[in-house]
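Q: Here you go, one structure.
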Amino acid sequence: MEKVRGQGPKEIFGEKAQIHDKSVNSFSKAVFETLKKGFPAFEFRFREKITKKEINEKLNSVDERLGLTVFVGNASIKPDGGIIEVKDEEHNWRIVLVCEAKHQGKDIENITKGILVGKNSNQDLMVAGNAIERSHKNINEIRNIMIDEKHFPYILFLQGSNFLTEPTAILRPNGTEVILKHDAGSLNRIDRLTSANYSLPINKNSCENIFITIDGKSVMLQAVSIYTKSTEWTVEEMLPIMMDVATTSLKILGLTINK
């Protein structure tokens, strides 16, 4: 496993290291190919989507009260990075990695280029939008289909000025400085997503589920692994994170390279 974890982006892509498609989907497929080579004893598959029908069937198999309501039978979810699964020793497919990448906030780019925004084109900053909140639907549906799992390998990569974690100084073309405040309510949108990981630390692998005790009963929490940058993610940064979460999934499932 350590050998697989240690592979760099160039090793993962091989001769296609200079791949032009820098989408999270292409990165996920690179991880998929790496897992197949690094864990030859196991069978992996890559899927672009999961249907609501399949999700409901899983819910109902766990508890007959669940998974009863669906209005559009062929409805589905389609995470940006697809879904990677492994076949376990009982021939069941188990999810090991789900990724999405969201970009929101062009303030850094605009300020650097000297572009003013707003109704009268006289503002440095644009009030943040709410498009990122659509991420919660996919997160909740993956939770549903993984309701009986002890891991939750969902990574959300955030990028843009709406996801700052510290004050950031940006220079206009004329050399004057603009300070972007990470705790400004009009700019930051990370708080709207930390509800998906119970406000755990960000930029950390949260794949392994957390168990808490309430009134003597154990409750399982499945948290999203949120990683954020103000600037564009690079292949060198994303692939090690994706491999770390995928191999954590295999470890929790008891599927290691030595078995």
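Labeling convention for the structure tokens: chains A, B, ... as they appear, residues from 1 per chain, ligands from 1 in order of appearance.
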Show which residues sit within 6 Å of stretch 145-157 of chain A, as a count of residues only. Count only C-alpha atoms, and ignore same-chain residues fewer than 6 positions away.
A: 17
Q: Do you know which residues are at most 9 Å from A:Glu166 counting only C-alpha atoms, after dropping those on the same chain fewer than 3 positions away, and could you put them as a ChimeraX atom specification?
A: /A:180-183
Q: Between atom CA of A:Glu48 and atom CA of A:Pro79, what is the spacing in Å?
A: 7.2 Å
Q: I want to know what sits within 9 Å of A:Met243, based on only C-alpha atoms, with residues of the same chain fewer than 4 positions away left out; could you give that as a PyMOL selection string?
A: chain A and resi 4-5+31+34-35+97+238-239+247-248
Q: Output C-alpha atoms for every residue in the selection just made, as an mmCIF file, in the first residue's frame.
A:
```cif
data_model
loop_
_atom_site.group_PDB
_atom_site.id
_atom_site.type_symbol
_atom_site.label_atom_id
_atom_site.label_comp_id
_atom_site.auth_asym_id
_atom_site.auth_seq_id
_atom_site.Cartn_x
_atom_site.Cartn_y
_atom_site.Cartn_z
ATOM 1 C CA VAL A 4 0.934 2.914 -4.208
ATOM 2 C CA ARG A 5 0.552 5.882 -1.881
ATOM 3 C CA VAL A 31 -6.663 7.045 -9.568
ATOM 4 C CA THR A 34 -3.599 3.237 -10.333
ATOM 5 C CA LEU A 35 -5.748 1.238 -7.918
ATOM 6 C CA LEU A 97 -13.850 7.179 -3.697
ATOM 7 C CA MET A 238 -5.151 16.633 -5.919
ATOM 8 C CA LEU A 239 -3.953 13.139 -6.811
ATOM 9 C CA THR A 247 -6.473 3.622 0.222
ATOM 10 C CA THR A 248 -8.041 4.572 3.562
#
```
Q: Considering only C-alpha atoms, return as a PyMOL selection string whatever protein or nucleic-acid residues lie within 12 Å of A:Trp93, sequence-local ones (same chain, fewer than 4 positions apart) excluded.
A: chain A and resi 42-47+58+83-89+145-146+149+253
Q: Find the distance between atom CA of A:Gly160 and atom CA of A:Lys102 and write it in Å to one decimal.
A: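 Pair atom CA of A:Gly160 / atom CA of A:Lys102 returns 8.5 Å.
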Q: Could you state the separation of atom CA of A:Lys36 and atom CA of A:Ile252 in Å, given to one decimal place?
A: 17.9 Å
Q: Taking the chain letters and numbering used in this document, name the residues of stretch 107-254 of chain A that DSSP puts in alpha helix (DSSP H), as a ChimeraX atom specification.
A: /A:107-113,135-145,235-252
Q: Between A:Met220, A:Val72, A:Ile111, A:Val245, which has the minimum distance to A:Glu177 (counting only C-alpha atoms)?
A: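 Of all the options, A:Ile111 lies closest to A:Glu177.
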Q: Which is closest to A:Asp80 among A:Phe32, A:Phe27, A:Tyr198, A:Phe39, if we use only C-alpha atoms?
A: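 Ranking A:Phe32, A:Phe27, A:Tyr198, A:Phe39 by distance to A:Asp80, first place goes to A:Phe27.
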